[in-house]
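Structure file structure.cif; described as mmCIF, C-alpha atoms.
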data_model
loop_
_atom_site.label_atom_id
_atom_site.label_comp_id
_atom_site.auth_asym_id
_atom_site.auth_seq_id
_atom_site.Cartn_x
_atom_site.Cartn_y
_atom_site.Cartn_z
CA MET N 147 -0.28 16.28 68.55
CA ASP N 148 0.04 17.68 65.09
CA ARG N 149 -2.23 16.11 62.55
CA VAL N 150 -0.48 14.74 59.51
CA PRO N 151 -2.15 16.26 56.42
CA ARG N 152 -3.49 13.78 53.89
CA PRO N 153 -1.99 14.03 50.42
CA ARG N 154 -4.39 15.65 47.97
CA ARG N 155 -5.27 13.77 44.84
CA PRO N 156 -4.49 15.63 41.62
CA LEU N 157 -7.56 17.20 40.09
CA ALA N 158 -6.73 15.56 36.75
CA LEU N 159 -6.94 12.09 38.33
CA LEU N 160 -10.24 12.94 39.99
CA ALA N 161 -11.60 14.21 36.69
CA LEU N 162 -10.50 11.05 34.88
CA ALA N 163 -12.05 8.88 37.57
CA ALA N 164 -15.34 10.77 37.31
CA LEU N 165 -15.26 10.49 33.54
CA ALA N 166 -14.61 6.75 33.74
CA VAL N 167 -17.55 6.26 36.13
CA SER N 168 -19.91 8.35 34.00
CA THR N 169 -18.76 6.61 30.82
CA ALA N 170 -19.29 3.19 32.32
CA ALA N 171 -22.73 4.19 33.56
CA ALA N 172 -23.77 5.93 30.38
CA GLY N 173 -22.34 3.56 27.80
CA VAL N 174 -20.53 4.33 24.60
CA ILE N 175 -21.56 3.74 21.00
CA GLU N 176 -18.87 3.63 18.32
CA VAL N 177 -19.92 5.01 14.94
CA GLN N 178 -18.15 5.53 11.63
CA VAL N 179 -18.48 9.01 10.17
CA LYS N 180 -17.74 9.79 6.52
CA LEU N 181 -16.08 13.15 5.92
CA GLN N 182 -15.87 14.90 2.57
CA LEU N 183 -12.33 16.12 1.93
CA PRO N 184 -11.72 18.71 -0.81
CA GLN N 185 -9.02 18.17 -3.40
CA ARG N 186 -5.61 19.64 -2.63
CA ILE N 187 -5.41 21.85 -5.72
CA ASP N 188 -8.01 23.92 -7.53
CA VAL N 189 -8.63 22.31 -10.92
CA THR N 190 -11.44 24.64 -11.95
CA GLY N 191 -11.30 25.10 -15.71
CA MET N 192 -8.73 22.33 -16.18
CA ARG N 193 -9.79 19.69 -18.68
CA ARG N 194 -6.73 18.11 -20.30
CA VAL N 195 -4.01 16.37 -18.30
CA LEU N 196 -0.59 15.23 -19.50
CA VAL N 197 1.12 12.38 -17.64
CA GLY N 198 4.79 11.79 -18.16
CA GLY N 199 8.22 13.11 -17.53
CA PHE N 200 8.94 10.59 -14.77
CA ARG N 201 12.47 9.79 -13.72
CA ALA N 202 13.03 6.18 -12.61
CA GLY N 203 15.86 4.31 -10.96
CA ASP N 204 17.54 1.39 -12.69
CA ASN N 205 15.57 -1.82 -12.54
CA PRO N 206 16.81 -4.85 -14.53
CA ASP N 207 13.44 -6.61 -14.43
CA LEU N 208 10.99 -3.90 -15.45
CA ASP N 209 10.63 -0.59 -17.26
CA VAL N 210 9.29 1.09 -14.14
CA GLU N 211 8.77 4.51 -15.71
CA ALA N 212 6.73 3.23 -18.67
CA GLU N 213 4.58 0.93 -16.55
CA TYR N 214 3.87 3.55 -13.91
CA VAL N 215 2.96 6.20 -16.48
CA LYS N 216 0.59 3.70 -18.09
CA TYR N 217 -0.96 2.95 -14.69
CA LEU N 218 -1.38 6.63 -13.81
CA ARG N 219 -3.06 7.40 -17.13
CA GLY N 220 -5.54 4.58 -16.59
CA LEU N 221 -6.24 5.72 -13.04
CA LEU N 222 -7.04 9.28 -14.15
CA ARG N 223 -9.09 8.04 -17.08
CA HIS N 224 -11.35 5.89 -14.89
CA LYS N 225 -11.41 7.87 -11.64
CA SER N 226 -11.71 11.45 -12.90
CA THR N 227 -13.35 13.54 -15.60
CA PHE N 228 -10.03 14.67 -17.09
CA GLU N 229 -9.24 14.11 -20.73
CA VAL N 230 -5.97 12.18 -20.57
CA ILE N 231 -3.61 13.19 -23.36
CA GLU N 232 -2.37 10.08 -25.17
CA ALA N 233 1.09 11.37 -25.99
CA ASP N 234 4.54 10.63 -24.64
CA ALA N 235 5.87 13.59 -22.72
CA PRO N 236 9.58 14.31 -23.04
CA PRO N 237 11.81 12.89 -20.29
CA LEU N 238 12.86 15.18 -17.49
CA PRO N 239 15.90 17.29 -18.40
CA GLU N 240 19.23 15.88 -17.24
CA GLN N 241 19.87 18.43 -14.54
CA ASP N 242 19.29 18.80 -10.84
CA LEU N 243 15.70 17.81 -10.06
CA ALA N 244 15.09 20.82 -7.83
CA ASP N 245 16.06 23.14 -10.68
CA VAL N 246 13.76 21.30 -13.10
CA VAL N 247 10.83 21.58 -10.71
CA LYS N 248 11.35 25.33 -10.26
CA ASN N 249 11.66 25.97 -14.01
CA ALA N 250 8.18 27.35 -14.64
CA ALA N 251 9.12 28.46 -18.18
CA TYR N 252 9.95 24.86 -19.13
CA TRP N 253 6.65 23.48 -17.84
CA LYS N 254 4.72 26.29 -19.50
CA ARG N 255 6.31 25.33 -22.85
CA ILE N 256 5.31 21.70 -22.26
CA GLY N 257 1.77 22.81 -21.49
CA GLN N 258 1.58 24.86 -24.68
CA ARG N 259 3.13 22.11 -26.81
CA PHE N 260 0.57 19.50 -25.72
CA SER N 261 -2.34 21.87 -24.98
CA ALA N 262 -2.32 20.54 -21.40
CA ASP N 263 -4.09 22.28 -18.54
CA LEU N 264 -2.41 20.09 -15.95
CA ILE N 265 0.92 18.24 -16.07
CA ILE N 266 1.92 15.41 -13.74
CA ALA N 267 5.59 14.45 -13.56
CA GLY N 268 7.84 12.98 -10.91
CA VAL N 269 10.26 10.34 -9.71
CA VAL N 270 9.38 6.65 -9.33
CA ASN N 271 11.46 3.81 -7.89
CA LEU N 272 10.64 0.14 -7.38
CA GLU N 273 13.16 -1.74 -5.27
CA LYS N 274 13.35 -5.42 -4.32
CA SER N 275 15.05 -6.69 -1.19
CA ASP N 276 15.61 -10.09 0.42
CA ARG N 277 13.53 -10.67 3.57
CA SER N 278 14.29 -14.37 4.04
CA GLY N 279 14.78 -15.59 7.59
CA PHE N 280 13.49 -17.77 10.38
CA VAL N 281 9.81 -17.39 11.27
CA GLN N 282 7.61 -18.90 13.94
CA GLU N 283 4.26 -20.41 13.12
CA ASP N 284 1.50 -22.19 15.05
CA ILE N 285 0.67 -25.72 13.91
CA ILE N 286 -2.36 -27.81 14.93
CA ASN N 287 -1.96 -31.56 15.00
CA PRO N 288 -4.90 -32.92 12.94
CA ALA N 289 -4.99 -36.13 14.97
CA THR N 290 -4.91 -34.70 18.50
CA GLY N 291 -5.94 -31.10 17.94
CA GLN N 292 -2.93 -30.01 19.97
CA ARG N 293 -1.40 -26.68 19.03
CA TYR N 294 2.35 -26.23 19.00
CA ARG N 295 4.81 -23.69 17.65
CA ARG N 296 7.67 -24.39 15.30
CA THR N 297 10.46 -22.40 13.70
CA ARG N 298 11.27 -22.69 10.01
CA TYR N 299 13.30 -20.87 7.40
CA ALA N 300 11.15 -18.93 4.94
CA GLU N 301 12.27 -17.42 1.66
CA ARG N 302 10.69 -14.01 1.22
CA GLU N 303 11.26 -10.86 -0.74
CA ALA N 304 9.94 -7.34 -0.37
CA PHE N 305 9.00 -4.77 -3.00
CA ASN N 306 9.08 -1.10 -2.09
CA LEU N 307 7.49 1.55 -4.31
CA ALA N 308 8.39 5.20 -3.75
CA VAL N 309 6.85 7.92 -5.92
CA THR N 310 7.16 11.70 -5.76
CA HIS N 311 4.49 13.46 -7.81
CA TYR N 312 4.71 17.01 -9.12
CA PHE N 313 1.57 18.74 -10.39
CA PHE N 314 2.12 21.74 -12.66
CA SER N 315 -0.19 24.29 -14.24
CA GLY N 316 0.02 23.97 -18.01
CA ALA N 317 -0.95 27.62 -18.40
CA THR N 318 1.71 29.16 -16.13
CA GLY N 319 4.18 26.34 -15.43
CA GLU N 320 3.66 26.93 -11.72
CA LEU N 321 4.17 24.02 -9.31
CA LEU N 322 0.75 23.46 -7.75
CA TYR N 323 1.50 20.51 -5.47
CA GLU N 324 4.19 17.97 -4.67
CA GLY N 325 4.05 14.93 -2.44
CA LYS N 326 5.90 11.68 -1.81
CA LEU N 327 4.20 8.32 -1.28
CA THR N 328 5.72 4.97 -0.29
CA GLU N 329 4.25 1.49 -0.06
CA GLU N 330 5.82 -1.91 0.65
CA SER N 331 4.73 -5.56 0.54
CA VAL N 332 6.49 -8.76 1.52
CA TYR N 333 5.86 -11.89 -0.56
CA GLU N 334 6.62 -15.56 -0.07
CA GLY N 335 9.28 -17.08 -2.33
CA ARG N 336 11.79 -15.46 -4.64
CA ALA N 337 10.12 -15.50 -8.04
CA ASN N 338 7.44 -12.85 -7.56
CA ASP N 339 6.36 -10.80 -10.55
CA PRO N 340 7.65 -7.21 -10.27
CA LEU N 341 4.89 -5.85 -12.54
CA SER N 342 2.13 -7.34 -10.38
CA SER N 343 3.83 -5.95 -7.28
CA LEU N 344 4.07 -2.50 -8.89
CA MET N 345 0.36 -2.52 -9.74
CA GLN N 346 -0.67 -3.68 -6.25
CA LEU N 347 1.44 -1.06 -4.50
CA ALA N 348 0.28 1.69 -6.87
CA ASP N 349 -3.34 0.73 -6.15
CA ARG N 350 -2.72 1.39 -2.46
CA MET N 351 -1.45 4.85 -3.33
CA SER N 352 -4.33 5.68 -5.66
CA PRO N 353 -6.67 7.30 -3.07
CA GLU N 354 -3.92 9.74 -2.07
CA ILE N 355 -3.04 10.45 -5.71
CA MET N 356 -6.63 11.12 -6.68
CA GLY N 357 -7.14 13.21 -3.55
CA VAL N 358 -4.90 15.85 -5.10
CA VAL N 359 -7.30 16.56 -7.96
CA THR N 360 -10.69 15.17 -6.85
CA PRO N 361 -12.71 15.31 -3.61
CA ARG N 362 -12.68 12.12 -1.57
CA GLU N 363 -14.32 10.52 1.44
CA LYS N 364 -12.52 9.69 4.66
CA SER N 365 -13.95 7.46 7.38
CA GLU N 366 -13.25 8.31 11.00
CA THR N 367 -14.39 6.76 14.26
CA ARG N 368 -16.56 8.80 16.60
CA TYR N 369 -17.87 7.86 20.07
CA LEU N 370 -21.35 8.76 21.30
CA PHE N 371 -22.19 8.67 25.00
CA THR N 372 -25.63 7.30 25.86
CA GLU N 373 -27.61 7.61 29.06
#

Turn the structure described in the file into structure tokens.
Amino acid sequence: MDRVPRPRRPLALLALAALAVSTAAAGVIEVQVKLQLPQRIDVTGMRRVLVGGFRAGDNPDLDVEAEYVKYLRGLLRHKSTFEVIEADAPPLPEQDLADVVKNAAYWKRIGQRFSADLIIAGVVNLEKSDRSGFVQEDIINPATGQRYRRTRYAEREAFNLAVTHYFFSGATGELLYEGKLTEESVYEGRANDPLSSLMQLADRMSPEIMGVVTPREKSETRYLFTE
């Protein structure tokens, strides 16, 4: 009688099983490791920075461009060693944005005009949208301690901040870095302050913004196997 061959287990499964047994026997310790990340552009020799030239979408409740420029100046003033130029940069030229960004001669003239080593410009938009709808929530009866779930209609609105930053060399007009960031928050009610929302969302972006021109720390999880 022919013997029926037993199916072979895949080596990958055997390896995973062995790893699981050894891990369980050895134990695992989770640790947080801080990594030093270099800035994205070389700012050696750069001292003066000009913030401005932001293009903003229409917003009936807030001058988004002015408020964001003010925020960005304050961020650089307190989180970096740059000398922030207290002057209003001219608005971006009324032409295709891609052409403006590639126009190194224009940005070099701006750098010479304001004696700026670094220029930060871009596009900023703050949008509000209705997020009202039915939500479920757990309620505890204070008398009996019984938990139950109910459905109610909640008025909510969301604010979305989208910013594209362009970093230019004031000496050459060269584009050194560009990047887009987006953040969103949902708030209860319908009368939320757009300026407060703008500041909160911009604060979330600030580590990424500052990471372009200054070194920063990043925390990552590592696992150590113990005997």

Sorted by chain and rising residue number, which residues of stretch 244-325 of chain N lie within 12 Å of stretch 343-357 of chain N, and what are their closest atom pairs and distances in Å to one decimal, counting only C-alpha atoms, as JSON lines?
{"residue": "N:Ile266", "atom": "CA", "partner": "N:Ile355", "partner_atom": "CA", "distance": 10.7}
{"residue": "N:Val270", "atom": "CA", "partner": "N:Leu344", "partner_atom": "CA", "distance": 10.6}
{"residue": "N:Asn271", "atom": "CA", "partner": "N:Leu344", "partner_atom": "CA", "distance": 9.8}
{"residue": "N:Leu272", "atom": "CA", "partner": "N:Leu344", "partner_atom": "CA", "distance": 7.2}
{"residue": "N:Glu273", "atom": "CA", "partner": "N:Leu344", "partner_atom": "CA", "distance": 9.8}
{"residue": "N:Lys274", "atom": "CA", "partner": "N:Ser343", "partner_atom": "CA", "distance": 10.0}
{"residue": "N:Glu303", "atom": "CA", "partner": "N:Ser343", "partner_atom": "CA", "distance": 11.0}
{"residue": "N:Ala304", "atom": "CA", "partner": "N:Ser343", "partner_atom": "CA", "distance": 9.3}
{"residue": "N:Phe305", "atom": "CA", "partner": "N:Ser343", "partner_atom": "CA", "distance": 6.8}
{"residue": "N:Asn306", "atom": "CA", "partner": "N:Leu347", "partner_atom": "CA", "distance": 8.0}
{"residue": "N:Leu307", "atom": "CA", "partner": "N:Leu347", "partner_atom": "CA", "distance": 6.6}
{"residue": "N:Ala308", "atom": "CA", "partner": "N:Ala348", "partner_atom": "CA", "distance": 9.4}
{"residue": "N:Val309", "atom": "CA", "partner": "N:Ala348", "partner_atom": "CA", "distance": 9.1}
{"residue": "N:Thr310", "atom": "CA", "partner": "N:Ile355", "partner_atom": "CA", "distance": 10.3}
{"residue": "N:His311", "atom": "CA", "partner": "N:Ile355", "partner_atom": "CA", "distance": 8.4}
{"residue": "N:Tyr312", "atom": "CA", "partner": "N:Ile355", "partner_atom": "CA", "distance": 10.7}
{"residue": "N:Phe313", "atom": "CA", "partner": "N:Ile355", "partner_atom": "CA", "distance": 10.6}
{"residue": "N:Tyr323", "atom": "CA", "partner": "N:Ile355", "partner_atom": "CA", "distance": 11.0}
{"residue": "N:Glu324", "atom": "CA", "partner": "N:Ile355", "partner_atom": "CA", "distance": 10.5}
{"residue": "N:Gly325", "atom": "CA", "partner": "N:Ile355", "partner_atom": "CA", "distance": 9.0}

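The space separating atom CA of N:Leu327 from atom CA of N:Asp245 comes to 21.2 Å.
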
| Between N:Glu229, N:Asp234, N:Asp276, N:Asp204, which one has atoms that come closest to N:Ala337, using all atoms listed in the file? |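 The shortest atom-to-atom distance to N:Ala337 comes from N:Asp276.
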
| field | Result set of the PyMOL selection byres ((chain N and resi 254) around 10) on the coordinates above, as a ChimeraX atom specification | value | /N:249-253,255-259,261-263,265,314-320

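The spacing separating atom CA of N:Arg193 from atom CA of N:Tyr214 amounts to 21.7 Å.
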
| In Å, how far is it from atom CA of N:Val269 to atom CA of N:Val359? | 18.7 Å

| Which residues fall under the PyMOL selection byres ((chain N and resi 192) around 8) in this file, as a ChimeraX atom specification? | /N:189-191,193-195,228,263-264

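Proximity to N:Glu334 was assessed for N:Arg368, N:Arg201, N:Arg277, N:Arg362 counting only C-alpha atoms; the smallest distance is recorded for N:Arg277.
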
For this file, the PyMOL selection byres ((chain N and resi 281) around 7) selects which residues, as a compact mmCIF listing (two decimals) with C-alpha atoms, in the coordinates of the input?
# COMPACT_ATOMS: atom_id res chain seq x y z
CA GLY N 279 14.78 -15.59 7.59
CA PHE N 280 13.49 -17.77 10.38
CA GLN N 282 7.61 -18.90 13.94
CA GLU N 283 4.26 -20.41 13.12
CA THR N 297 10.46 -22.40 13.70
CA ARG N 298 11.27 -22.69 10.01
CA TYR N 299 13.30 -20.87 7.40
CA ALA N 300 11.15 -18.93 4.94

Taking 6 positions as the minimum chain separation for residues in the same chain, which residues sit within 6 Å of N:Gly199 when counting all atoms listed in the file? Answer as a PDB file with C-alpha atoms, in the coordinates of the input.
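Generated output (around-v1.pdb):
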ATOM      1  CA  ALA N 235       5.870  13.590 -22.720  1.00  0.00           C
ATOM      2  CA  PRO N 236       9.580  14.310 -23.040  1.00  0.00           C
ATOM      3  CA  PRO N 237      11.810  12.890 -20.290  1.00  0.00           C
ATOM      4  CA  LEU N 238      12.860  15.180 -17.490  1.00  0.00           C
ATOM      5  CA  ALA N 267       5.590  14.450 -13.560  1.00  0.00           C
TER       6      ALA N 267
END

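When all atoms listed in the file are used to compute distances to N:Asn338, the closest of the residues N:His224, N:Arg302, N:Arg293, N:Lys216 turns out to be N:Arg302.
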